[in-house]
>>> print(open('my_file_23.txt').read())   # compact mmCIF, C-alpha atoms
# COMPACT_ATOMS: atom_id res chain seq x y z
CA MET Y 115 103.68 142.65 92.08
CA ASP Y 116 104.13 140.43 89.01
CA TYR Y 117 101.82 142.77 87.10
CA TYR Y 118 104.62 145.34 87.05
CA SER Y 119 107.75 144.75 85.02
CA SER Y 120 110.91 144.00 86.98
CA LYS Y 121 112.52 147.43 86.75
CA ILE Y 122 109.39 149.16 87.98
CA ARG Y 123 109.07 146.57 90.75
CA THR Y 124 112.66 147.21 91.80
CA LEU Y 125 112.03 150.95 91.89
CA ILE Y 126 108.89 150.53 94.01
CA GLU Y 127 110.76 148.25 96.42
CA GLU Y 128 113.67 150.67 96.79
CA LEU Y 129 111.35 153.64 97.33
CA SER Y 130 109.41 151.66 99.97
CA ARG Y 131 112.55 151.53 102.10
CA LEU Y 132 112.41 155.29 102.64
CA PRO Y 133 111.08 156.38 106.03
CA GLY Y 134 107.33 157.02 106.07
CA ILE Y 135 106.84 155.65 102.56
CA GLY Y 136 104.42 152.72 102.23
CA ALA Y 137 103.74 150.57 99.19
CA LYS Y 138 101.05 152.90 97.89
CA SER Y 139 103.15 156.08 98.10
CA ALA Y 140 106.11 154.24 96.59
CA THR Y 141 103.98 153.11 93.65
CA ARG Y 142 102.69 156.62 93.11
CA MET Y 143 106.23 158.03 93.23
CA ALA Y 144 107.53 155.33 90.87
CA PHE Y 145 104.88 156.02 88.23
CA HIS Y 146 105.44 159.73 88.61
CA LEU Y 147 109.16 159.23 87.97
CA ILE Y 148 108.79 157.01 84.90
CA ASN Y 149 106.38 159.54 83.43
CA GLN Y 150 108.94 162.35 83.75
CA PRO Y 151 111.63 163.13 81.16
CA GLN Y 152 114.73 160.98 81.60
CA GLU Y 153 116.71 164.03 82.74
CA THR Y 154 114.31 164.64 85.63
CA ALA Y 155 114.74 161.07 86.85
CA ASP Y 156 118.51 161.33 86.37
CA ARG Y 157 118.63 164.56 88.37
CA LEU Y 158 117.07 162.83 91.38
CA ALA Y 159 119.31 159.79 90.94
CA ASP Y 160 122.40 162.03 90.78
CA ALA Y 161 121.28 164.05 93.80
CA ILE Y 162 120.94 160.87 95.87
CA ARG Y 163 124.30 159.49 94.81
CA ASP Y 164 126.15 162.80 95.18
CA ALA Y 165 124.65 163.74 98.53
CA ARG Y 166 125.57 160.36 99.97
CA ALA Y 167 129.02 160.30 98.38
CA GLY Y 168 129.80 163.88 99.39
CA VAL Y 169 128.58 163.74 102.94
CA ARG Y 170 131.09 164.48 105.70
CA LEU Y 171 130.92 165.73 109.23
CA CYS Y 172 132.06 169.29 109.87
CA ARG Y 173 135.45 169.07 111.58
CA THR Y 174 134.28 171.58 114.18
CA CYS Y 175 130.59 171.01 115.01
CA CYS Y 176 130.07 167.53 113.47
CA THR Y 177 126.98 168.50 111.44
CA VAL Y 178 126.71 166.90 108.01
CA THR Y 179 128.26 168.98 105.25
CA ASP Y 180 130.11 168.71 101.91
CA GLY Y 181 133.55 170.10 102.72
CA GLU Y 182 135.86 170.34 105.71
CA GLU Y 183 133.79 172.80 107.66
CA CYS Y 184 130.07 173.63 107.58
CA PRO Y 185 128.79 177.09 106.44
CA ILE Y 186 127.90 178.07 110.01
CA CYS Y 187 131.29 177.25 111.56
CA ALA Y 188 133.02 178.90 108.61
CA SER Y 189 130.98 182.11 108.94
CA THR Y 190 132.67 185.13 110.51
CA ALA Y 191 129.28 186.60 111.44
CA ARG Y 192 128.46 184.06 114.15
CA ASP Y 193 128.97 184.59 117.87
CA ARG Y 194 131.71 182.08 118.74
CA SER Y 195 131.19 182.36 122.50
CA THR Y 196 127.98 180.30 122.50
CA ILE Y 197 127.51 176.69 121.44
CA MET Y 198 124.09 175.08 121.15
CA VAL Y 199 124.22 171.31 121.48
CA VAL Y 200 121.62 169.42 119.43
CA GLU Y 201 121.01 165.75 118.71
CA ASN Y 202 121.00 165.90 114.91
CA PRO Y 203 121.35 168.23 111.90
CA ARG Y 204 117.58 168.60 111.50
CA ASP Y 205 117.39 170.06 115.01
CA LEU Y 206 120.13 172.51 114.04
CA ALA Y 207 118.05 173.42 110.99
CA ALA Y 208 114.97 173.93 113.19
CA TYR Y 209 116.80 176.62 115.21
CA GLU Y 210 118.39 178.14 112.11
CA LYS Y 211 114.92 178.60 110.63
CA THR Y 212 113.97 180.88 113.52
CA GLY Y 213 116.69 183.26 112.26
CA ARG Y 214 117.24 184.45 115.83
CA TYR Y 215 120.10 182.35 117.10
CA ASN Y 216 123.51 183.63 116.12
CA GLY Y 217 125.87 181.31 118.00
CA LEU Y 218 127.52 178.08 116.92
CA TYR Y 219 126.22 174.51 117.20
CA HIS Y 220 127.43 171.10 118.15
CA VAL Y 221 125.70 168.05 116.71
CA LEU Y 222 125.86 164.94 118.89
CA HIS Y 223 124.36 162.54 116.32
CA GLY Y 224 122.19 160.88 118.88
CA ALA Y 225 121.54 160.90 122.61
CA ILE Y 226 122.58 158.68 125.49
CA SER Y 227 120.16 155.77 125.80
CA PRO Y 228 120.95 152.96 128.24
CA ALA Y 229 117.90 151.10 126.88
CA LEU Y 230 119.30 151.09 123.34
CA GLY Y 231 122.87 150.57 124.52
CA ILE Y 232 123.95 154.03 123.34
CA GLY Y 233 126.56 155.40 125.73
CA PRO Y 234 128.51 158.71 125.90
CA SER Y 235 131.22 157.31 123.61
CA ASP Y 236 128.67 156.56 120.86
CA ILE Y 237 127.80 160.22 120.28
CA LYS Y 238 130.00 163.23 119.45
CA LEU Y 239 130.67 164.15 123.08
CA LYS Y 240 134.46 163.91 123.01
CA GLU Y 241 134.48 166.33 120.07
CA LEU Y 242 132.42 168.81 122.09
CA MET Y 243 134.75 168.60 125.09
CA MET Y 244 137.72 169.25 122.79
CA ARG Y 245 136.07 172.40 121.49
CA LEU Y 246 135.42 173.64 125.02
CA GLN Y 247 139.16 173.47 125.76
CA ASP Y 248 140.29 175.13 122.56
CA GLU Y 249 137.74 177.86 122.07
CA GLN Y 250 136.60 181.00 123.85
CA VAL Y 251 133.25 179.52 124.81
CA LYS Y 252 131.22 181.30 127.51
CA GLU Y 253 127.95 179.34 127.31
CA VAL Y 254 126.80 175.93 126.22
CA ILE Y 255 123.06 175.76 125.51
CA ILE Y 256 121.84 172.18 125.69
CA ALA Y 257 119.05 171.74 123.17
CA THR Y 258 118.72 167.98 123.09
CA ASN Y 259 115.16 166.70 122.69
CA SER Y 260 112.78 166.80 125.63
CA THR Y 261 112.67 163.01 125.77
CA LEU Y 262 114.10 160.58 128.31
CA GLU Y 263 117.25 160.18 126.22
CA GLY Y 264 117.57 163.93 125.61
CA GLU Y 265 117.19 164.74 129.30
CA THR Y 266 119.66 162.02 130.27
CA THR Y 267 122.14 163.47 127.82
CA ALA Y 268 121.55 167.01 129.10
CA ALA Y 269 122.16 165.96 132.72
CA TYR Y 270 125.29 164.06 131.75
CA LEU Y 271 126.61 167.00 129.73
CA SER Y 272 126.01 169.60 132.43
CA LYS Y 273 127.89 167.47 134.95
CA LEU Y 274 130.78 167.17 132.53
CA ILE Y 275 130.93 170.87 131.63
CA ARG Y 276 130.36 172.48 135.05
CA PRO Y 277 133.96 171.89 136.26
CA LEU Y 278 135.24 173.88 133.25
CA GLY Y 279 133.66 177.08 134.55
CA ILE Y 280 131.48 177.49 131.47
CA LEU Y 281 127.84 178.51 131.87
CA THR Y 282 125.57 175.60 130.93
CA SER Y 283 121.92 176.21 130.10
CA ARG Y 284 118.99 174.13 128.97
CA ILE Y 285 116.29 175.33 126.58
CA ALA Y 286 113.02 175.84 128.43
CA ASN Y 287 110.23 173.34 128.64
CA GLY Y 288 108.04 175.30 126.26
CA ILE Y 289 108.73 172.33 124.07
CA PRO Y 290 106.11 169.63 124.65
CA VAL Y 291 107.51 166.74 126.68
CA GLY Y 292 108.02 163.76 124.42
CA GLY Y 293 108.22 165.87 121.25
CA ASP Y 294 111.05 166.21 118.74
CA LEU Y 295 112.51 169.63 117.99
CA GLU Y 296 112.10 169.37 114.25
CA SER Y 297 108.32 169.18 114.36
CA ILE Y 298 107.77 172.25 116.53
CA ASP Y 299 106.71 175.72 115.38
CA GLU Y 300 109.22 178.57 115.40
CA VAL Y 301 107.44 180.65 118.07
CA THR Y 302 107.64 177.79 120.55
CA LEU Y 303 111.28 177.20 119.64
CA LEU Y 304 112.04 180.88 120.33
CA ARG Y 305 110.14 180.88 123.62
CA ALA Y 306 112.11 177.85 124.72
CA LEU Y 307 115.34 179.62 123.79
CA GLU Y 308 114.41 182.77 125.73
CA GLY Y 309 113.30 180.79 128.79
CA ARG Y 310 116.47 178.75 129.09
CA ARG Y 311 117.65 178.28 132.69
CA ALA Y 312 121.10 177.65 134.19
CA LEU Y 313 121.77 174.07 135.22
CA MET E 1293 118.16 176.23 103.69
CA ASP E 1294 121.68 177.72 103.94
CA TYR E 1295 122.23 175.66 107.07
CA TYR E 1296 122.43 172.55 104.90
CA SER E 1297 125.34 172.03 102.55
CA SER E 1298 124.60 172.37 98.85
CA LYS E 1299 124.46 168.66 98.00
CA ILE E 1300 122.01 167.94 100.78
CA ARG E 1301 119.97 170.98 99.73
CA THR E 1302 119.87 169.72 96.15
CA LEU E 1303 118.72 166.29 97.32
CA ILE E 1304 115.94 167.77 99.48
CA GLU E 1305 114.79 169.93 96.56
CA GLU E 1306 114.71 167.01 94.14
CA LEU E 1307 112.84 164.79 96.61
CA SER E 1308 110.31 167.58 97.22
CA ARG E 1309 109.27 167.33 93.56
CA LEU E 1310 107.83 163.86 94.14
CA PRO E 1311 104.04 163.71 94.46
CA GLY E 1312 102.78 163.99 98.04
CA ILE E 1313 106.22 164.81 99.42
CA GLY E 1314 106.52 168.12 101.29
CA ALA E 1315 109.66 169.83 102.58
CA LYS E 1316 109.54 168.01 105.90
CA SER E 1317 109.20 164.51 104.41
CA ALA E 1318 111.87 165.32 101.83
CA THR E 1319 114.27 166.40 104.59
CA ARG E 1320 113.59 163.25 106.57
CA MET E 1321 114.15 161.11 103.47
CA ALA E 1322 117.35 162.97 102.59
CA PHE E 1323 118.88 162.48 106.03
CA HIS E 1324 117.83 158.86 106.01
CA LEU E 1325 119.60 158.37 102.68
CA ILE E 1326 122.87 160.05 103.66
CA ASN E 1327 122.94 157.93 106.80
CA GLN E 1328 122.74 154.72 104.77
CA PRO E 1329 125.74 152.92 103.27
CA GLN E 1330 126.73 154.33 99.88
CA GLU E 1331 125.53 151.13 98.17
CA THR E 1332 122.01 151.59 99.55
CA ALA E 1333 121.84 155.11 98.15
CA ASP E 1334 123.30 153.90 94.86
CA ARG E 1335 120.73 151.12 94.63
CA LEU E 1336 117.89 153.64 94.80
CA ALA E 1337 119.64 155.96 92.35
CA ASP E 1338 120.15 153.08 89.90
CA ALA E 1339 116.56 151.91 90.29
CA ILE E 1340 115.28 155.38 89.38
CA ARG E 1341 117.54 155.75 86.36
CA ASP E 1342 116.97 152.20 85.10
CA ALA E 1343 113.21 152.19 85.54
CA ARG E 1344 112.92 155.45 83.64
CA ALA E 1345 115.38 154.45 80.93
CA GLY E 1346 113.87 150.99 80.49
CA VAL E 1347 110.24 151.99 80.45
CA ARG E 1348 108.22 151.09 77.35
CA LEU E 1349 104.60 150.51 76.56
CA CYS E 1350 103.52 146.92 75.93
CA ARG E 1351 102.92 146.58 72.18
CA THR E 1352 99.59 144.91 72.89
CA CYS E 1353 97.90 146.46 75.94
CA CYS E 1354 99.99 149.66 76.29
CA THR E 1355 100.79 149.18 79.99
CA VAL E 1356 104.28 150.22 81.08
CA THR E 1357 106.81 147.42 80.91
CA ASP E 1358 110.49 146.69 80.24
CA GLY E 1359 110.39 144.63 77.06
CA GLU E 1360 108.21 144.33 73.97
CA GLU E 1361 105.23 142.79 75.70
CA CYS E 1362 104.06 142.87 79.33
CA PRO E 1363 103.95 139.70 81.49
CA ILE E 1364 100.14 139.57 81.32
CA CYS E 1365 99.85 139.78 77.52
CA ALA E 1366 102.72 137.28 77.19
CA SER E 1367 101.08 134.78 79.54
CA THR E 1368 99.38 131.74 78.02
CA ALA E 1369 97.22 131.30 81.14
CA ARG E 1370 95.05 134.36 80.56
CA ASP E 1371 91.62 134.36 78.95
CA ARG E 1372 92.15 136.23 75.68
CA SER E 1373 88.45 136.72 74.98
CA THR E 1374 88.03 139.46 77.59
CA ILE E 1375 89.72 142.85 77.71
CA MET E 1376 89.40 145.17 80.68
CA VAL E 1377 90.00 148.81 79.76
CA VAL E 1378 91.63 150.91 82.50
CA GLU E 1379 92.98 154.44 82.65
CA ASN E 1380 96.47 153.67 83.93
CA PRO E 1381 98.82 150.87 85.00
CA ARG E 1382 98.05 151.36 88.70
CA ASP E 1383 94.38 150.60 87.99
CA LEU E 1384 95.50 147.43 86.22
CA ALA E 1385 97.53 146.56 89.31
CA ALA E 1386 94.49 147.19 91.53
CA TYR E 1387 92.50 144.51 89.67
CA GLU E 1388 95.47 142.16 89.49
CA LYS E 1389 95.76 142.32 93.27
CA THR E 1390 92.27 140.86 93.62
CA GLY E 1391 93.66 137.71 91.95
CA ARG E 1392 90.22 137.03 90.49
CA TYR E 1393 90.35 138.54 87.02
CA ASN E 1394 91.93 136.32 84.42
CA GLY E 1395 91.37 138.27 81.20
CA LEU E 1396 93.61 140.78 79.43
CA TYR E 1397 93.80 144.54 79.90
CA HIS E 1398 94.07 147.67 77.84
CA VAL E 1399 95.63 150.77 79.38
CA LEU E 1400 94.37 154.05 77.94
CA HIS E 1401 96.89 156.29 79.74
CA GLY E 1402 94.28 158.85 80.63
CA ALA E 1403 90.64 159.60 80.01
CA ILE E 1404 88.75 161.92 77.71
CA SER E 1405 88.46 165.36 79.31
CA PRO E 1406 87.09 168.26 77.28
CA ALA E 1407 87.92 170.55 80.22
CA LEU E 1408 91.62 169.63 80.08
CA GLY E 1409 91.64 169.44 76.28
CA ILE E 1410 92.23 165.68 76.29
CA GLY E 1411 90.42 164.12 73.34
CA PRO E 1412 90.06 160.53 72.07
CA SER E 1413 93.27 160.80 70.07
CA ASP E 1414 95.28 161.70 73.19
CA ILE E 1415 94.70 158.32 74.83
CA LYS E 1416 95.41 154.77 73.61
CA LEU E 1417 92.01 154.32 71.97
CA LYS E 1418 93.22 153.63 68.44
CA GLU E 1419 95.38 150.81 69.83
CA LEU E 1420 92.34 149.29 71.52
CA MET E 1421 90.26 149.42 68.35
CA MET E 1422 93.07 147.70 66.45
CA ARG E 1423 93.09 144.87 68.98
CA LEU E 1424 89.33 144.42 68.65
CA GLN E 1425 89.69 143.82 64.91
CA ASP E 1426 92.59 141.38 65.17
CA GLU E 1427 91.69 139.31 68.18
CA GLN E 1428 88.97 136.90 69.26
CA VAL E 1429 87.51 139.30 71.78
CA LYS E 1430 84.03 138.56 73.11
CA GLU E 1431 83.75 141.18 75.86
CA VAL E 1432 85.24 144.55 76.67
CA ILE E 1433 84.90 145.51 80.33
CA ILE E 1434 85.21 149.26 80.75
CA ALA E 1435 86.88 149.95 84.09
CA THR E 1436 87.74 153.60 83.74
CA ASN E 1437 87.38 155.62 86.95
CA SER E 1438 83.97 156.62 88.20
CA THR E 1439 84.70 160.29 87.58
CA LEU E 1440 83.31 162.66 84.98
CA GLU E 1441 86.24 161.92 82.67
CA GLY E 1442 86.02 158.18 83.25
CA GLU E 1443 82.28 158.11 82.54
CA THR E 1444 82.70 160.25 79.45
CA THR E 1445 85.35 157.85 78.20
CA ALA E 1446 83.14 154.83 78.98
CA ALA E 1447 80.21 156.27 77.06
CA TYR E 1448 82.44 157.16 74.10
CA LEU E 1449 84.00 153.69 74.07
CA SER E 1450 80.71 151.81 74.22
CA LYS E 1451 79.37 153.80 71.27
CA LEU E 1452 82.53 152.96 69.33
CA ILE E 1453 82.53 149.24 70.15
CA ARG E 1454 78.81 148.42 69.86
CA PRO E 1455 78.84 148.32 66.00
CA LEU E 1456 81.54 145.61 66.17
CA GLY E 1457 79.12 143.16 67.83
CA ILE E 1458 81.30 142.79 70.91
CA LEU E 1459 79.67 142.78 74.35
CA THR E 1460 80.57 145.95 76.21
CA SER E 1461 80.19 146.12 79.98
CA ARG E 1462 80.90 148.66 82.69
CA ILE E 1463 82.06 147.79 86.20
CA ALA E 1464 79.29 148.43 88.73
CA ASN E 1465 78.90 151.53 90.79
CA GLY E 1466 80.09 149.81 93.94
CA ILE E 1467 83.00 152.13 93.45
CA PRO E 1468 82.33 155.45 95.22
CA VAL E 1469 81.56 158.19 92.72
CA GLY E 1470 84.52 160.54 92.42
CA GLY E 1471 87.01 157.94 93.65
CA ASP E 1472 90.06 156.48 91.94
CA LEU E 1473 90.36 152.73 91.47
CA GLU E 1474 93.79 152.45 93.01
CA SER E 1475 92.66 153.59 96.46
CA ILE E 1476 89.75 151.16 96.78
CA ASP E 1477 89.72 147.92 98.79
CA GLU E 1478 89.69 144.58 96.99
CA VAL E 1479 86.24 143.51 98.14
CA THR E 1480 84.67 146.61 96.62
CA LEU E 1481 86.68 146.10 93.45
CA LEU E 1482 85.38 142.53 93.18
CA ARG E 1483 81.79 143.57 93.88
CA ALA E 1484 82.05 146.14 91.14
CA LEU E 1485 83.39 143.50 88.77
CA GLU E 1486 80.59 141.04 89.59
CA GLY E 1487 77.90 143.73 89.27
CA ARG E 1488 78.96 144.91 85.81
CA ARG E 1489 76.07 145.66 83.46
CA ALA E 1490 75.79 145.64 79.69
CA LEU E 1491 75.90 149.06 78.04
>>> encode(input="my_file_23.txt", output="structure tokens")
Amino acid sequence: MDYYSSKIRTLIEELSRLPGIGAKSATRMAFHLINQPQETADRLADAIRDARAGVRLCRTCCTVTDGEECPICASTARDRSTIMVVENPRDLAAYEKTGRYNGLYHVLHGAISPALGIGPSDIKLKELMMRLQDEQVKEVIIATNSTLEGETTAAYLSKLIRPLGILTSRIANGIPVGGDLESIDEVTLLRALEGRRAL
Amino acid sequence: MDYYSSKIRTLIEELSRLPGIGAKSATRMAFHLINQPQETADRLADAIRDARAGVRLCRTCCTVTDGEECPICASTARDRSTIMVVENPRDLAAYEKTGRYNGLYHVLHGAISPALGIGPSDIKLKELMMRLQDEQVKEVIIATNSTLEGETTAAYLSKLIRPLGILTSRIANGIPVGGDLESIDEVTLLRALEGRRAL
């Protein structure tokens, strides 16, 4: 890429590291950015720096947020007797977009995967178990992905929670096997929620 | 997007402004970035700011660069008797990638488009004509896109240059009509270069 000056080359290289961005998209994005007013480029640069610098995990549900507690856990309008367990914040967002789930969440930040060496202590399981002791929880809805890792995690969780006398349910298999929650349409997400079955 | 904290929301919004990036890609990119070490996020932020702040047009060929003159115009290894005229720096890069063109370039930064109100004075035409008076140029290869605007610009240019006694050529129509140079494979680009015809 000697035909680009070094700063533009650096920008293209950095953009290429983003997920799903190849050399061609990165080049297009880089030229778009240098053709914008400086303040537009600065706004994106600031947003990247600030979001990364400000990111924390909610002290209750472990989703990513700015402050101590996320907007959902801090809300007084949510039903605190139900916790939906998801793998990551984008899965939480997928259910929030349906506008039909009013309980709380718990974000595991991953799933158990013996193949990848990810065990129960590598995800936010301990934090979930703590919540189940402290709070008035009546049901835990396990909404991990319908993948091998997600199912493994669901089975492990239900075994762990059953002795506590809390109802444990699993979202229905309306979700295509092998698919990720975040890429599924809202109707299917709702059908899966309605069809959940006790474990 | 109330389910995301404000800094993450801001980042997703800013990323969504990039060309070809929808809400879903922007979200994926944002979560990737906040999961990276702070220094990785900072490196991208710096690259954006620096590339934009440092961008200039080469005083000779008008391509984007960091300093006074671009690496190609500054090189002593290039054949200074040939100038290839392209619409934008990515088209220049497309021909550089073939590794088979050794002349200089001139970047117009657009093409004449009566429909969009872009006239000859809105692109770097005057700068090209200046070069043709000062330098020992024997041939101008017009490599504007094979679109209506590109062809209009080519016709306008050849009329302007012919009185100067400089050979004017147009890259061949190996390039699919309606296509942009940057998305075309190198073999086709080379064939188009070889098949250029005098105007």
>>> interface_residues(input="my_file_23.txt", of="chain Y", to="chain E", cutoff="6 Å", atoms="all atoms listed in the file", output="list of chain:residue names")
Y:Ser119, Y:Lys121, Y:Ile122, Y:Leu125, Y:Glu128, Y:Ile148, Y:Asp156, Y:Leu158, Y:Ala159, Y:Ala161, Y:Arg163, Y:Ala165, Y:Arg166, Y:Thr179, Y:Asp180
>>> write_last_selection(input="my_file_23.txt", atoms="C-alpha atoms", output="PDB file, in the frame of the given file")
ATOM      1  CA  SER Y 119     107.750 144.750  85.020  1.00  0.00           C
ATOM      2  CA  LYS Y 121     112.520 147.430  86.750  1.00  0.00           C
ATOM      3  CA  ILE Y 122     109.390 149.160  87.980  1.00  0.00           C
ATOM      4  CA  LEU Y 125     112.030 150.950  91.890  1.00  0.00           C
ATOM      5  CA  GLU Y 128     113.670 150.670  96.790  1.00  0.00           C
ATOM      6  CA  ILE Y 148     108.790 157.010  84.900  1.00  0.00           C
ATOM      7  CA  ASP Y 156     118.510 161.330  86.370  1.00  0.00           C
ATOM      8  CA  LEU Y 158     117.070 162.830  91.380  1.00  0.00           C
ATOM      9  CA  ALA Y 159     119.310 159.790  90.940  1.00  0.00           C
ATOM     10  CA  ALA Y 161     121.280 164.050  93.800  1.00  0.00           C
ATOM     11  CA  ARG Y 163     124.300 159.490  94.810  1.00  0.00           C
ATOM     12  CA  ALA Y 165     124.650 163.740  98.530  1.00  0.00           C
ATOM     13  CA  ARG Y 166     125.570 160.360  99.970  1.00  0.00           C
ATOM     14  CA  THR Y 179     128.260 168.980 105.250  1.00  0.00           C
ATOM     15  CA  ASP Y 180     130.110 168.710 101.910  1.00  0.00           C
TER      16      ASP Y 180
END
>>> atom_distance(input="my_file_23.txt", atom1="CA of Cys176 in chain Y", atom2="CA of Gly1314 in chain E")
26.5 Å
>>> closest_residue(input="my_file_23.txt", among="E:Val1378, E:His1398, E:Ala1403, E:Gln1425", to="Ile1463 in chain E", atoms="only C-alpha atoms")
E:Val1378
>>> atom_distance(input="my_file_23.txt", atom1="CA of Lys273 in chain Y", atom2="CA of Leu218 in chain Y")
20.9 Å
>>> residues_around(input="my_file_23.txt", residues="Glu1443 in chain E", least_positions_apart="4", cutoff="12 Å", atoms="all atoms listed in the file", output="short mmCIF file (atom, residue, chain, number, x, y, z; two decimals) with C-alpha atoms, in the coordinates of the input")
data_model
loop_
_atom_site.label_atom_id
_atom_site.label_comp_id
_atom_site.auth_asym_id
_atom_site.auth_seq_id
_atom_site.Cartn_x
_atom_site.Cartn_y
_atom_site.Cartn_z
CA VAL E 1378 91.63 150.91 82.50
CA GLU E 1379 92.98 154.44 82.65
CA ALA E 1403 90.64 159.60 80.01
CA ILE E 1404 88.75 161.92 77.71
CA SER E 1405 88.46 165.36 79.31
CA ILE E 1434 85.21 149.26 80.75
CA ALA E 1435 86.88 149.95 84.09
CA THR E 1436 87.74 153.60 83.74
CA ASN E 1437 87.38 155.62 86.95
CA SER E 1438 83.97 156.62 88.20
CA THR E 1439 84.70 160.29 87.58
CA ALA E 1447 80.21 156.27 77.06
CA TYR E 1448 82.44 157.16 74.10
CA LEU E 1449 84.00 153.69 74.07
CA SER E 1450 80.71 151.81 74.22
CA ARG E 1462 80.90 148.66 82.69
CA ILE E 1463 82.06 147.79 86.20
CA ALA E 1464 79.29 148.43 88.73
CA ASN E 1465 78.90 151.53 90.79
CA VAL E 1469 81.56 158.19 92.72
CA GLY E 1470 84.52 160.54 92.42
CA LEU E 1491 75.90 149.06 78.04
#
>>> atom_distance(input="my_file_23.txt", atom1="CA of Arg1423 in chain E", atom2="CA of Thr1368 in chain E")
17.1 Å
